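Novice: My structure is in run.txt, and what it holds is compact mmCIF, C-alpha atoms:
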# COMPACT_ATOMS: atom_id res chain seq x y z
CA MET A 1 -30.45 -2.12 -12.02
CA ARG A 2 -30.36 -3.75 -15.41
CA LYS A 3 -32.43 -2.23 -18.11
CA LEU A 4 -34.41 -4.99 -19.77
CA LEU A 5 -36.31 -6.91 -17.10
CA PHE A 6 -39.15 -4.86 -15.68
CA SER A 7 -41.68 -5.62 -12.96
CA PHE A 8 -44.81 -3.97 -14.33
CA MET A 9 -46.53 -3.73 -10.97
CA ILE A 10 -43.57 -1.98 -9.40
CA LEU A 11 -43.52 0.52 -12.22
CA LEU A 12 -47.23 1.22 -11.74
CA LEU A 13 -46.66 1.87 -8.05
CA LEU A 14 -43.74 4.16 -8.70
CA ALA A 15 -45.24 6.00 -11.67
CA GLY A 16 -45.98 9.61 -11.09
CA CYS A 17 -42.99 10.21 -8.84
CA ALA A 18 -42.88 13.69 -10.34
CA SER A 19 -45.98 15.84 -10.39
CA ASN A 20 -46.85 18.97 -12.30
CA ASP A 21 -48.51 21.85 -10.53
CA GLY A 22 -49.84 24.13 -13.24
CA SER A 23 -50.15 27.14 -10.91
CA LYS A 24 -46.49 26.97 -9.92
CA ASN A 25 -45.11 25.99 -13.32
CA GLU A 26 -47.01 28.43 -15.49
CA GLY A 27 -44.83 29.74 -18.29
CA LEU A 28 -42.34 26.88 -18.06
CA LYS A 29 -41.69 24.52 -20.96
CA LYS A 30 -42.97 21.05 -20.17
CA VAL A 31 -40.64 18.15 -20.97
CA SER A 32 -40.18 14.66 -19.59
CA VAL A 33 -37.22 12.45 -18.80
CA VAL A 34 -37.80 8.70 -18.76
CA LEU A 35 -35.76 6.47 -16.47
CA ASP A 36 -34.18 3.21 -17.54
CA TRP A 37 -35.28 1.38 -14.40
CA THR A 38 -36.88 2.02 -11.05
CA PRO A 39 -35.38 5.08 -9.28
CA ASN A 40 -31.93 4.63 -7.76
CA THR A 41 -28.77 6.61 -7.14
CA ASN A 42 -27.84 6.65 -10.83
CA HIS A 43 -30.74 9.08 -11.13
CA THR A 44 -30.01 11.31 -8.13
CA GLY A 45 -28.94 14.31 -10.19
CA LEU A 46 -32.38 14.46 -11.80
CA TYR A 47 -34.18 14.48 -8.48
CA VAL A 48 -31.77 17.06 -7.06
CA ALA A 49 -32.34 19.31 -10.09
CA GLN A 50 -36.07 19.00 -9.53
CA GLU A 51 -35.99 19.56 -5.75
CA LYS A 52 -33.50 22.43 -5.88
CA GLY A 53 -35.35 24.25 -8.64
CA TYR A 54 -32.55 23.94 -11.18
CA PHE A 55 -35.01 22.90 -13.89
CA LYS A 56 -37.28 25.85 -13.14
CA ASP A 57 -34.30 28.18 -13.17
CA GLU A 58 -33.72 27.03 -16.75
CA GLY A 59 -37.36 27.61 -17.69
CA LEU A 60 -38.33 23.93 -17.63
CA ASP A 61 -41.13 21.96 -16.02
CA VAL A 62 -39.66 18.44 -15.99
CA GLU A 63 -41.61 15.27 -15.30
CA ILE A 64 -39.63 12.17 -14.32
CA ILE A 65 -41.40 9.10 -15.67
CA MET A 66 -41.00 5.33 -15.71
CA PRO A 67 -40.17 3.47 -18.95
CA GLY A 68 -42.98 0.91 -18.99
CA GLU A 69 -42.76 -2.00 -21.38
CA ALA A 70 -41.57 0.08 -24.36
CA GLY A 71 -38.27 1.00 -22.71
CA ALA A 72 -36.56 4.34 -22.30
CA ASP A 73 -34.61 4.28 -25.58
CA ALA A 74 -37.74 3.69 -27.65
CA LEU A 75 -39.64 6.49 -25.92
CA VAL A 76 -36.80 8.96 -26.41
CA ALA A 77 -36.06 7.97 -30.00
CA SER A 78 -39.72 8.32 -30.95
CA GLY A 79 -40.03 11.71 -29.25
CA LYS A 80 -42.62 10.49 -26.73
CA SER A 81 -40.16 11.62 -24.07
CA GLU A 82 -37.69 14.40 -24.76
CA PHE A 83 -34.94 12.96 -22.57
CA GLY A 84 -34.03 9.68 -20.96
CA ILE A 85 -31.51 7.47 -19.22
CA GLY A 86 -29.78 4.99 -21.52
CA TYR A 87 -26.55 3.09 -22.03
CA GLN A 88 -23.71 3.32 -24.51
CA GLU A 89 -24.19 -0.30 -25.54
CA SER A 90 -27.91 0.07 -26.32
CA ILE A 91 -27.39 3.37 -28.14
CA THR A 92 -24.70 1.77 -30.29
CA GLU A 93 -27.02 -1.12 -31.15
CA ALA A 94 -29.90 1.26 -31.86
CA ARG A 95 -27.92 3.48 -34.21
CA VAL A 96 -26.93 0.48 -36.33
CA GLN A 97 -30.67 0.21 -37.02
CA GLY A 98 -30.93 3.91 -37.83
CA VAL A 99 -32.58 4.86 -34.53
CA PRO A 100 -31.81 8.60 -33.97
CA ILE A 101 -30.93 8.49 -30.26
CA VAL A 102 -27.96 10.48 -28.94
CA SER A 103 -26.06 10.53 -25.64
CA ILE A 104 -25.62 14.04 -24.26
CA GLY A 105 -23.89 13.26 -20.97
CA ALA A 106 -22.26 10.41 -19.05
CA VAL A 107 -23.87 9.88 -15.65
CA ILE A 108 -20.86 7.92 -14.39
CA GLN A 109 -17.44 8.35 -15.95
CA HIS A 110 -16.28 4.72 -15.82
CA ASN A 111 -18.03 1.37 -16.04
CA THR A 112 -18.65 0.26 -12.44
CA SER A 113 -20.29 -3.05 -13.36
CA GLY A 114 -18.88 -6.52 -13.08
CA PHE A 115 -19.50 -10.15 -12.21
CA ALA A 116 -20.41 -10.77 -8.59
CA SER A 117 -20.48 -13.99 -6.62
CA MET A 118 -20.80 -15.00 -3.00
CA ALA A 119 -17.33 -15.33 -1.49
CA ASP A 120 -17.85 -18.98 -0.62
CA LYS A 121 -18.11 -19.79 -4.35
CA ASN A 122 -14.39 -18.91 -4.59
CA ILE A 123 -14.81 -17.21 -7.98
CA LYS A 124 -11.91 -14.78 -8.09
CA THR A 125 -10.93 -14.71 -11.78
CA PRO A 126 -12.71 -15.51 -15.10
CA LYS A 127 -10.89 -18.86 -15.05
CA ASP A 128 -13.09 -19.78 -12.11
CA PHE A 129 -16.21 -19.40 -14.28
CA GLU A 130 -15.60 -22.90 -15.64
CA GLY A 131 -18.02 -25.42 -14.19
CA LYS A 132 -20.22 -22.66 -12.76
CA THR A 133 -23.69 -21.29 -13.56
CA TYR A 134 -24.12 -17.68 -14.67
CA GLY A 135 -27.47 -15.99 -14.19
CA GLY A 136 -28.22 -13.32 -16.78
CA TRP A 137 -31.04 -11.58 -18.62
CA GLY A 138 -30.67 -13.19 -22.04
CA ALA A 139 -28.75 -10.55 -24.02
CA PRO A 140 -26.19 -11.72 -26.63
CA VAL A 141 -23.60 -9.28 -25.26
CA GLU A 142 -23.43 -11.25 -22.02
CA LYS A 143 -21.97 -14.37 -23.58
CA GLU A 144 -19.47 -12.34 -25.59
CA VAL A 145 -18.23 -10.46 -22.53
CA LEU A 146 -17.97 -13.68 -20.56
CA SER A 147 -16.15 -15.39 -23.43
CA SER A 148 -13.71 -12.49 -23.81
CA LEU A 149 -12.79 -12.46 -20.13
CA MET A 150 -12.52 -16.23 -19.97
CA SER A 151 -10.33 -16.44 -23.07
CA MET A 152 -7.86 -14.04 -21.46
CA GLU A 153 -7.42 -16.64 -18.71
CA GLY A 154 -7.33 -19.62 -21.05
CA ALA A 155 -10.76 -20.74 -19.90
CA ASP A 156 -13.47 -22.37 -22.03
CA ILE A 157 -16.87 -20.63 -22.34
CA ASN A 158 -18.40 -24.02 -23.22
CA LYS A 159 -17.72 -25.15 -19.67
CA LEU A 160 -19.97 -22.40 -18.31
CA ASP A 161 -23.72 -22.89 -17.89
CA ILE A 162 -25.68 -19.73 -18.77
CA VAL A 163 -29.27 -19.39 -17.55
CA ASN A 164 -31.85 -16.61 -17.57
CA MET A 165 -32.58 -15.57 -13.99
CA GLY A 166 -35.50 -13.35 -14.97
CA ASP A 167 -36.37 -10.65 -12.47
CA THR A 168 -35.01 -12.60 -9.50
CA ASP A 169 -32.73 -10.44 -7.38
CA PHE A 170 -29.06 -11.33 -7.12
CA PHE A 171 -29.13 -12.45 -3.50
CA THR A 172 -32.08 -14.79 -3.93
CA ALA A 173 -30.70 -16.29 -7.13
CA ALA A 174 -27.17 -16.66 -5.73
CA LYS A 175 -28.47 -18.71 -2.83
CA ARG A 176 -30.80 -20.76 -4.99
CA ASP A 177 -29.52 -21.75 -8.42
CA ILE A 178 -26.71 -19.53 -9.80
CA ASP A 179 -23.07 -18.99 -8.93
CA PHE A 180 -22.58 -15.45 -10.22
CA ALA A 181 -24.30 -12.57 -12.02
CA TRP A 182 -23.59 -9.21 -13.65
CA ILE A 183 -24.26 -6.33 -11.24
CA TYR A 184 -23.60 -2.64 -10.71
CA TYR A 185 -21.56 -2.36 -7.54
CA ALA A 186 -23.03 1.04 -6.65
CA TRP A 187 -26.36 -0.61 -5.86
CA THR A 188 -26.17 -4.39 -5.49
CA GLY A 189 -22.58 -4.40 -4.26
CA VAL A 190 -23.32 -1.76 -1.67
CA GLU A 191 -26.43 -3.70 -0.67
CA ALA A 192 -24.21 -6.73 -0.06
CA GLU A 193 -22.07 -4.61 2.28
CA LEU A 194 -25.14 -3.55 4.23
CA ARG A 195 -26.38 -7.14 4.43
CA GLY A 196 -23.03 -8.32 5.71
CA GLU A 197 -22.67 -10.60 2.67
CA ASP A 198 -19.13 -11.21 1.47
CA ILE A 199 -18.95 -11.10 -2.32
CA ASN A 200 -16.18 -11.29 -4.89
CA MET A 201 -16.26 -8.78 -7.75
CA ILE A 202 -14.65 -9.14 -11.16
CA TYR A 203 -14.90 -5.72 -12.81
CA LEU A 204 -14.99 -5.54 -16.61
CA THR A 205 -12.52 -2.66 -16.57
CA ASP A 206 -9.91 -4.85 -14.85
CA TYR A 207 -9.63 -6.94 -18.01
CA SER A 208 -10.21 -4.67 -20.99
CA ASP A 209 -10.14 -0.93 -21.70
CA LYS A 210 -12.68 -1.57 -24.47
CA LEU A 211 -15.22 -2.59 -21.84
CA ASP A 212 -14.86 0.71 -19.99
CA TYR A 213 -17.91 2.22 -21.68
CA TYR A 214 -20.42 4.78 -20.44
CA THR A 215 -23.25 3.25 -18.47
CA PRO A 216 -25.62 4.97 -17.86
CA VAL A 217 -25.93 8.15 -19.95
CA ILE A 218 -28.41 10.99 -20.50
CA THR A 219 -30.13 10.72 -23.88
CA THR A 220 -32.20 12.72 -26.33
CA ASN A 221 -32.98 12.39 -30.04
CA GLU A 222 -31.64 14.05 -33.17
CA LYS A 223 -34.86 15.99 -33.75
CA MET A 224 -34.62 17.63 -30.32
CA ILE A 225 -31.02 18.59 -30.99
CA LYS A 226 -31.89 20.07 -34.38
CA GLU A 227 -35.15 21.82 -33.54
CA ASN A 228 -34.85 22.61 -29.82
CA PRO A 229 -31.15 23.04 -28.99
CA ASP A 230 -31.95 25.68 -26.35
CA THR A 231 -34.16 23.22 -24.51
CA VAL A 232 -31.44 20.56 -24.63
CA THR A 233 -28.92 23.09 -23.31
CA ALA A 234 -31.25 24.15 -20.51
CA PHE A 235 -32.01 20.57 -19.52
CA ILE A 236 -28.42 19.36 -19.41
CA SER A 237 -27.36 22.54 -17.58
CA ALA A 238 -29.85 21.80 -14.79
CA VAL A 239 -28.96 18.10 -14.72
CA SER A 240 -25.26 18.95 -14.52
CA LYS A 241 -25.95 21.17 -11.51
CA GLY A 242 -27.88 18.30 -9.96
CA TYR A 243 -25.08 15.80 -10.30
CA ASN A 244 -22.43 18.31 -9.23
CA TYR A 245 -24.50 18.95 -6.12
CA ALA A 246 -24.63 15.19 -5.46
CA ILE A 247 -20.84 15.05 -5.85
CA GLU A 248 -20.29 17.78 -3.28
CA ASN A 249 -23.20 17.00 -0.96
CA HIS A 250 -23.85 13.27 -1.10
CA GLU A 251 -25.65 13.10 2.23
CA ASP A 252 -28.17 15.79 1.34
CA ALA A 253 -28.52 14.40 -2.19
CA ALA A 254 -29.41 11.02 -0.70
CA GLU A 255 -32.09 12.62 1.46
CA ILE A 256 -33.56 14.31 -1.61
CA LEU A 257 -33.84 10.97 -3.42
CA ILE A 258 -35.35 9.29 -0.36
CA LYS A 259 -37.91 12.07 -0.05
CA ALA A 260 -38.85 11.78 -3.72
CA VAL A 261 -39.02 7.97 -3.69
CA PRO A 262 -39.90 6.93 -0.12
CA ASP A 263 -40.17 3.23 -1.02
CA LEU A 264 -36.39 3.04 -1.36
CA ASP A 265 -34.24 1.67 1.48
CA PRO A 266 -32.78 4.80 3.13
CA ALA A 267 -29.62 3.02 4.33
CA LEU A 268 -28.93 1.67 0.84
CA VAL A 269 -29.51 5.03 -0.79
CA LYS A 270 -27.17 6.82 1.62
CA LYS A 271 -24.38 4.26 1.31
CA SER A 272 -24.75 4.03 -2.47
CA GLN A 273 -24.76 7.82 -2.79
CA GLU A 274 -21.54 8.05 -0.82
CA TRP A 275 -19.93 5.37 -3.02
CA LEU A 276 -20.94 7.14 -6.24
CA ALA A 277 -20.05 10.68 -5.18
CA THR A 278 -16.42 10.39 -6.30
CA ARG A 279 -17.30 8.31 -9.36
CA TYR A 280 -19.84 10.47 -11.18
CA GLN A 281 -17.11 12.73 -12.56
CA ASP A 282 -14.03 10.79 -11.49
CA ASP A 283 -11.06 11.83 -13.68
CA ALA A 284 -13.05 13.78 -16.28
CA PRO A 285 -12.54 17.56 -16.53
CA ARG A 286 -16.27 18.06 -15.86
CA TRP A 287 -19.31 15.95 -15.05
CA GLY A 288 -20.89 14.32 -18.08
CA GLU A 289 -18.01 14.63 -20.53
CA GLN A 290 -17.58 11.76 -23.00
CA LYS A 291 -14.54 10.72 -25.01
CA LEU A 292 -14.52 9.70 -28.65
CA ASP A 293 -12.07 6.87 -27.92
CA VAL A 294 -14.44 5.30 -25.40
CA TRP A 295 -17.27 5.24 -27.93
CA LYS A 296 -15.02 4.03 -30.71
CA ASN A 297 -13.34 1.28 -28.68
CA TYR A 298 -16.58 -0.28 -27.49
CA MET A 299 -18.22 -0.03 -30.91
CA GLU A 300 -15.22 -1.80 -32.47
CA TRP A 301 -15.34 -4.47 -29.78
CA MET A 302 -19.04 -5.09 -30.41
CA TYR A 303 -18.44 -5.28 -34.17
CA GLU A 304 -15.52 -7.69 -33.74
CA LYS A 305 -17.71 -9.95 -31.60
CA GLY A 306 -20.49 -10.04 -34.16
CA LEU A 307 -22.89 -8.02 -32.01
CA LEU A 308 -23.29 -5.33 -34.67
CA GLU A 309 -24.24 -5.78 -38.31
CA LYS A 310 -22.02 -2.87 -39.27
CA GLU A 311 -19.88 -0.15 -37.76
CA ILE A 312 -21.44 3.21 -36.96
CA ASN A 313 -20.20 6.78 -37.00
CA VAL A 314 -19.77 7.15 -33.24
CA GLU A 315 -19.33 10.92 -33.56
CA LYS A 316 -23.08 11.08 -34.22
CA ALA A 317 -23.92 8.82 -31.28
CA PHE A 318 -22.84 11.29 -28.59
CA THR A 319 -22.06 14.95 -28.06
CA ASN A 320 -20.52 17.17 -25.38
CA GLU A 321 -21.80 20.39 -26.94
CA PHE A 322 -24.62 20.93 -24.46
CA LEU A 323 -22.59 20.49 -21.29
CA PRO A 324 -21.81 23.67 -19.35
CA LYS A 325 -18.44 25.11 -20.34
Taking this structure as input, can you express it in the form of structure tokens?

Specialist:
Amino acid sequence: MRKLLFSFMILLLLAGCASNDGSKNEGLKKVSVVLDWTPNTNHTGLYVAQEKGYFKDEGLDVEIIMPGEAGADALVASGKSEFGIGYQESITEARVQGVPIVSIGAVIQHNTSGFASMADKNIKTPKDFEGKTYGGWGAPVEKEVLSSLMSMEGADINKLDIVNMGDTDFFTAAKRDIDFAWIYYAWTGVEAELRGEDINMIYLTDYSDKLDYYTPVITTNEKMIKENPDTVTAFISAVSKGYNYAIENHEDAAEILIKAVPDLDPALVKKSQEWLATRYQDDAPRWGEQKLDVWKNYMEWMYEKGLLEKEINVEKAFTNEFLPK
């Protein structure tokens, strides 16, 4: 589920998962939303909104597209796609460079990612990372997160071997040449349950509130907000209905995603959808709402770790103004 390592052939096969029928969508405003990765349960609300007609009810003809090599953030920031799926960390990095991308809704209220390992590796705390091999995707933030967690346990990051595992899936890599990797439990963790694989999870949120950031989020760009606020309002209204439906009807929501993307494993989708149902909104007063403190805390953490050249005005990086009241 990570955002940077794409299999181009898979994307080609999955492209066009949404189709436009001009006769049925006449009079609707055409917009697109670009995914961060191949379709999964993080995206269910979009597919529900499409299947249930929530987008059409808002006057929109929405095409769900794949990111390709450019990436979702770049397509949204440039206006080549009006909306997208992104991450708080990448938006923060982008805005340091003056990229006008904005988060307009949190898909999941709390960070559900963490470091996973097969149970027989006996990795239960960051202290146990010493002497092990971590398989990542080559982003600077990985080493800083690992170092932060290890330092809390008095462990030495220099005693950890970090390798790039490319597009190898967690289960293959874990049985071949790595000891642990960074995963989203909602997908890979649930898959482990279905496989009967015992894994240990070390969640980022267990060690630092500053690492409880929004991942993933719904994005747009500043130009859309300025010039087409009604379209942004309509889009996020329909998406909100989609995710709220998934919260209340996870079984049916799973079937909708399976129907839209039949290449997905139905058992994994259903189990993952059930796991996420209570986590989309969690303790927030409404689905999608974002807190200033969450954005500020993570930005400050990134700056302290040397991952940002400068601090940003986080109040411009996200907004709740388009969420239904």

Novice: Extract, using all atoms listed in the file, all DNA, RNA and protein residues at most 6 Å from A:Tyr87, discarding same-chain residues fewer than 5 positions from it, and format them as an mmCIF file with C-alpha atoms, in the coordinates of the input.

Specialist:
data_model
loop_
_atom_site.group_PDB
_atom_site.id
_atom_site.type_symbol
_atom_site.label_atom_id
_atom_site.label_comp_id
_atom_site.auth_asym_id
_atom_site.auth_seq_id
_atom_site.Cartn_x
_atom_site.Cartn_y
_atom_site.Cartn_z
ATOM 1 C CA THR A 215 -23.250 3.250 -18.470
ATOM 2 C CA PRO A 216 -25.620 4.970 -17.860
ATOM 3 C CA VAL A 217 -25.930 8.150 -19.950
#

Novice: Return the single residue from A:Trp295, A:Tyr243, A:Tyr280, A:Tyr184 that is closest to A:Val102, with distances computed using all atoms listed in the file.

Specialist: A:Trp295

Novice: Which of these, A:Val294, A:Val239, A:Val269, A:Ile123, has the shortest distance to A:Gly105 once you count all atoms listed in the file?

Specialist: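 Result for the nearest residue to A:Gly105: A:Val239.
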
Novice: What is the atom CA of A:Thr125-atom CA of A:Thr278 distance in Å, reported with one decimal?

Specialist: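 We find that atom CA of A:Thr125 and atom CA of A:Thr278 lie 26.3 Å from each other.
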
Novice: Name all residues at most 12 Å from A:Thr172 (count only C-alpha atoms; drop same-chain ones fewer than 4 positions away) and give them as a list in words.

Specialist: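 What passes the distance filter is Ser117, Met118, Gly135, Met165, Gly166, Asp167, Thr168, Arg176, Asp177, Ile178, Asp179, Phe180, Ala181 and Ala192 of chain A.
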
Novice: Between A:Ala260, A:Ala254, A:Ala116, A:Ile64, which one has atoms that come closest to A:Glu197, using all atoms listed in the file?

Specialist: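 Distance minimum relative to A:Glu197 lands on A:Ala116.
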
Novice: Write out as a PyMOL selection string the residues lying within 10 Å of stretch 302-314 of chain A, counting all atoms listed in the file and excluding same-chain residues fewer than 4 positions away.

Specialist: chain A and resi 89+91-98+102+140-141+144-145+147-148+210-211+292-298+318-319

Novice: May I ask which of the residues A:Glu142, A:Ala155, A:Leu149, A:Val163 is the closest one to A:Ile183, counting only C-alpha atoms?

Specialist: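 For A:Ile183, the nearest of the candidates is A:Glu142.
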
Novice: Any idea what's packed within 12 Å of A:Asp128, counting all atoms listed in the file, ignoring anything in its chain fewer than 3 positions away? Could you give it as a list in words?

Specialist: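 With the cut-off at 12 Å, the set is Phe115, Ser117, Lys121, Asn122, Ile123, Lys124, Thr125, Gly131, Lys132, Thr133, Tyr134, Leu146, Leu149, Met150, Ser151, Glu153, Gly154, Ala155, Asp156, Ile157, Lys159, Leu160, Asp179, Phe180, Asn200 and Ile202 of chain A.
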
Novice: Find the distance between atom CA of A:Trp182 and atom CA of A:Thr205 and write it in Å to one decimal.

Specialist: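 It comes out at 13.2 Å.
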
Novice: Please write out, as lines of an AutoDock Vina configuration file, where the centre of an axis-aligned box around all listed atoms of stretch 210-226 of chain A lies and how long its edges are, in Å to one decimal, after adding 8 Å on each side.

Specialist:
center_x = -23.8
center_y = 8.7
center_z = -26.1
size_x = 38.2
size_y = 38.7
size_z = 32.5

Novice: When you count only C-alpha atoms, which of these residues is closest to A:Leu75: A:Gly59, A:Pro285, A:Pro100, A:Pro324?

Specialist: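 Looking at the shortest contact to A:Leu75, the residue is A:Pro100.
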
Novice: Write a file for stretch 194-235 of chain A of the given structure; include C-alpha atoms and format it as an mmCIF file, in the first residue's frame.

Specialist:
data_model
loop_
_atom_site.group_PDB
_atom_site.id
_atom_site.type_symbol
_atom_site.label_atom_id
_atom_site.label_comp_id
_atom_site.auth_asym_id
_atom_site.auth_seq_id
_atom_site.Cartn_x
_atom_site.Cartn_y
_atom_site.Cartn_z
ATOM 1 C CA LEU A 194 -6.101 -14.670 6.472
ATOM 2 C CA ARG A 195 -2.883 -16.510 5.614
ATOM 3 C CA GLY A 196 -2.579 -17.820 9.143
ATOM 4 C CA GLU A 197 0.767 -16.034 9.521
ATOM 5 C CA ASP A 198 1.611 -14.853 13.024
ATOM 6 C CA ILE A 199 3.148 -11.380 12.941
ATOM 7 C CA ASN A 200 4.268 -8.867 15.542
ATOM 8 C CA MET A 201 3.262 -5.234 15.030
ATOM 9 C CA ILE A 202 4.968 -2.160 16.446
ATOM 10 C CA TYR A 203 2.627 0.754 15.745
ATOM 11 C CA LEU A 204 4.116 4.240 15.391
ATOM 12 C CA THR A 205 1.362 5.678 17.562
ATOM 13 C CA ASP A 206 2.422 3.469 20.481
ATOM 14 C CA TYR A 207 5.650 5.440 20.761
ATOM 15 C CA SER A 208 4.942 9.034 19.770
ATOM 16 C CA ASP A 209 1.887 11.266 19.416
ATOM 17 C CA LYS A 210 3.820 13.226 16.784
ATOM 18 C CA LEU A 211 3.752 10.173 14.526
ATOM 19 C CA ASP A 212 -0.037 9.955 14.677
ATOM 20 C CA TYR A 213 -0.476 11.806 11.393
ATOM 21 C CA TYR A 214 -3.163 11.529 8.726
ATOM 22 C CA THR A 215 -2.468 8.823 6.195
ATOM 23 C CA PRO A 216 -4.132 8.768 3.718
ATOM 24 C CA VAL A 217 -6.067 11.969 2.949
ATOM 25 C CA ILE A 218 -8.224 13.429 0.172
ATOM 26 C CA THR A 219 -6.412 16.179 -1.726
ATOM 27 C CA THR A 220 -7.018 19.018 -4.141
ATOM 28 C CA ASN A 221 -5.066 22.130 -5.123
ATOM 29 C CA GLU A 222 -5.279 25.787 -4.164
ATOM 30 C CA LYS A 223 -6.572 26.811 -7.594
ATOM 31 C CA MET A 224 -9.550 24.460 -7.296
ATOM 32 C CA ILE A 225 -10.342 25.830 -3.859
ATOM 33 C CA LYS A 226 -10.147 29.422 -5.085
ATOM 34 C CA GLU A 227 -11.883 29.087 -8.446
ATOM 35 C CA ASN A 228 -14.228 26.109 -7.981
ATOM 36 C CA PRO A 229 -15.201 25.922 -4.298
ATOM 37 C CA ASP A 230 -18.668 24.600 -5.177
ATOM 38 C CA THR A 231 -17.122 21.664 -7.014
ATOM 39 C CA VAL A 232 -14.851 20.918 -4.057
ATOM 40 C CA THR A 233 -17.848 21.070 -1.717
ATOM 41 C CA ALA A 234 -19.871 18.767 -3.957
ATOM 42 C CA PHE A 235 -17.037 16.274 -4.283
#
